[in-house]
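One file, work04.txt, carrying compact mmCIF, C-alpha atoms:
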# COMPACT_ATOMS: atom_id res chain seq x y z
CA MET Q 1 204.86 19.95 71.43
CA THR Q 2 205.91 23.19 69.79
CA SER Q 3 204.18 26.45 70.48
CA LYS Q 4 202.82 26.54 66.94
CA SER Q 5 201.19 23.08 67.21
CA GLY Q 6 199.82 24.05 70.64
CA GLU Q 7 198.24 27.13 69.09
CA ALA Q 8 196.71 25.03 66.31
CA GLN Q 9 195.24 22.59 68.83
CA GLN Q 10 193.76 25.48 70.83
CA LEU Q 11 192.25 26.90 67.62
CA TYR Q 12 190.68 23.55 66.74
CA GLN Q 13 189.32 23.21 70.29
CA GLU Q 14 187.66 26.62 69.99
CA LEU Q 15 186.28 25.77 66.55
CA TRP Q 16 184.87 22.49 67.92
CA ILE Q 17 183.15 24.37 70.76
CA SER Q 18 181.50 26.64 68.17
CA PHE Q 19 180.54 23.74 65.90
CA ALA Q 20 179.13 21.72 68.81
CA ALA Q 21 177.04 24.72 69.90
CA LEU Q 22 175.60 24.99 66.39
CA LEU Q 23 174.89 21.25 66.29
CA LYS Q 24 173.04 21.53 69.62
CA ALA Q 25 171.03 24.52 68.38
CA TYR Q 26 169.96 22.72 65.20
CA ALA Q 27 169.19 19.57 67.22
CA ALA Q 28 166.91 21.59 69.49
CA ALA Q 29 165.10 22.95 66.43
CA VAL Q 30 164.82 19.45 64.95
CA SER Q 31 163.30 18.15 68.19
CA LEU Q 32 160.36 20.54 67.76
CA ALA Q 33 159.48 18.87 64.45
CA LEU Q 34 159.83 15.27 65.59
CA PRO Q 35 156.56 13.42 66.14
CA GLU Q 36 157.98 11.65 69.17
CA GLY Q 37 159.08 14.97 70.63
CA ALA Q 38 162.35 15.26 72.46
CA LEU Q 39 165.80 14.65 71.22
CA LYS Q 40 168.46 13.73 73.77
CA ILE Q 41 171.78 15.56 73.49
CA THR Q 42 174.82 14.17 75.30
CA ASP Q 43 178.30 15.70 75.42
CA ARG Q 44 181.09 13.14 75.15
CA GLU Q 45 184.50 14.11 76.45
CA PRO Q 46 186.87 14.92 74.96
CA GLY Q 47 185.40 16.32 71.75
CA GLY Q 48 182.30 14.32 71.19
CA LEU Q 49 178.55 14.68 70.93
CA GLU Q 50 175.63 12.28 70.68
CA LEU Q 51 172.17 13.21 69.39
CA CYS Q 52 169.48 10.59 69.97
CA THR Q 53 165.91 10.36 68.71
CA ALA Q 54 163.59 7.41 69.27
CA SER Q 55 164.71 5.87 65.98
CA LYS Q 56 168.29 7.10 65.32
CA THR Q 57 171.48 8.09 67.07
CA LEU Q 58 174.03 10.49 65.57
CA SER Q 59 177.44 10.06 67.20
CA ILE Q 60 180.13 12.64 66.49
CA SER Q 61 183.75 12.58 67.63
CA PHE Q 62 186.38 15.26 67.06
CA ASP Q 63 190.16 15.30 67.45
CA SER Q 64 191.42 18.79 68.21
CA ARG Q 65 195.02 17.81 67.41
CA GLY Q 66 194.32 17.77 63.68
CA GLY Q 67 190.88 19.30 63.25
CA SER Q 68 189.21 16.15 61.97
CA GLY Q 69 186.27 14.12 63.15
CA GLN Q 70 183.97 11.22 62.43
CA TRP Q 71 180.21 10.80 62.51
CA SER Q 72 177.88 7.84 62.32
CA VAL Q 73 174.14 7.30 62.36
CA THR Q 74 172.92 4.12 64.01
CA SER Q 75 169.53 2.57 64.53
CA PRO Q 76 169.06 1.46 68.15
CA GLU Q 77 166.46 -1.18 67.23
CA GLU Q 78 168.63 -2.80 64.58
CA ASN Q 79 171.93 -2.04 66.34
CA LYS Q 80 173.66 -1.30 63.04
CA THR Q 81 175.28 1.69 61.37
CA ALA Q 82 173.07 3.24 58.70
CA SER Q 83 175.64 5.76 57.49
CA SER Q 84 178.97 7.23 58.53
CA GLY Q 85 181.67 9.58 57.38
CA THR Q 86 184.41 12.00 58.28
CA PHE Q 87 184.70 15.76 58.43
CA THR Q 88 187.41 18.38 58.80
CA ILE Q 89 187.07 21.77 60.44
CA HIS Q 90 189.45 24.15 58.70
CA PRO Q 91 191.26 27.03 60.47
CA ALA Q 92 189.05 29.49 58.56
CA GLY Q 93 186.01 28.01 60.32
CA ASN Q 94 184.48 26.13 57.39
CA VAL Q 95 183.84 22.39 57.27
CA SER Q 96 184.34 19.76 54.60
CA PHE Q 97 182.86 16.26 54.70
CA ASP Q 98 184.48 12.93 53.80
CA GLY Q 99 187.78 14.48 52.75
CA SER Q 100 186.42 15.40 49.35
CA ALA Q 101 188.73 17.95 47.76
CA SER Q 102 186.29 18.53 44.90
CA ASP Q 103 183.52 19.90 47.12
CA THR Q 104 183.67 23.42 48.44
CA PRO Q 105 183.79 23.46 52.25
CA LEU Q 106 180.55 24.57 53.90
CA GLU Q 107 180.20 27.44 56.30
CA MET Q 108 180.05 26.06 59.83
CA ASP Q 109 176.32 26.74 60.30
CA ALA Q 110 175.43 25.04 57.01
CA ALA Q 111 177.61 22.05 57.95
CA ALA Q 112 175.89 21.77 61.34
CA GLU Q 113 172.48 21.87 59.65
CA ALA Q 114 173.51 19.21 57.11
CA LEU Q 115 174.92 16.90 59.79
CA THR Q 116 171.93 17.28 62.11
CA ALA Q 117 169.53 16.56 59.22
CA ARG Q 118 170.93 13.00 59.11
CA ILE Q 119 168.81 12.03 62.12
CA LEU Q 120 165.51 13.08 60.55
Same coordinates, now as structure tokens:
Amino acid sequence: MTSKSGEAQQLYQELWISFAALLKAYAAAVSLALPEGALKITDREPGGLELCTASKTLSISFDSRGGSGQWSVTSPEENKTASSGTFTIHPAGNVSFDGSASDTPLEMDAAAEALTARIL
């Protein structure tokens, strides 16, 4: 591993920590609006997060080697994936979803809000 790739991996790890913190903050806010109340937040190592309500689970994984991740929303009762996709955290700190080059990347806080909204 070269020094430059090691620096990139460290940058992506730091960006993931920031993104995960925003996801947790939005999840906490979402839990206040849920009729069933609490939302369970579980850290998955390395680079993962799971947000669970009574009716949906949002699973997020992140690879700090390249700055990309995957997400999926599942229904525990039906045990099937309702939706899924990919995302990339860019070195500038913005996030794009599903590798779409035509869409402008979102600021990290807006991306966290959009991703968390998938469990409502």
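Nearest to Gly93 of chain Q of all the residues Q:Arg44, Q:Ala110, Q:Thr116, Q:Cys52 is Q:Ala110, counting all atoms listed in the file.
Between atom CA of Arg65 of chain Q and atom CA of Pro105 of chain Q there is a distance of 19.7 Å.
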Minimum-distance residue to Thr74 of chain Q, chosen among Q:Ile41, Q:Met108, Q:Ile119, Q:Leu49 (using all atoms listed in the file):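 Of the candidates, the smallest distance to Thr74 of chain Q is held by Q:Ile119.
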How many Å separate atom CA of Ala21 of chain Q from atom CA of Ile60 of chain Q?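 Those two atoms sit 12.9 Å apart.
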Nearest residue to Leu106 of chain Q out of Q:Leu120, Q:Thr42, Q:Thr88, Q:Glu7, using only C-alpha atoms?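 That would be Q:Thr88, the residue with the smallest distance to Leu106 of chain Q.
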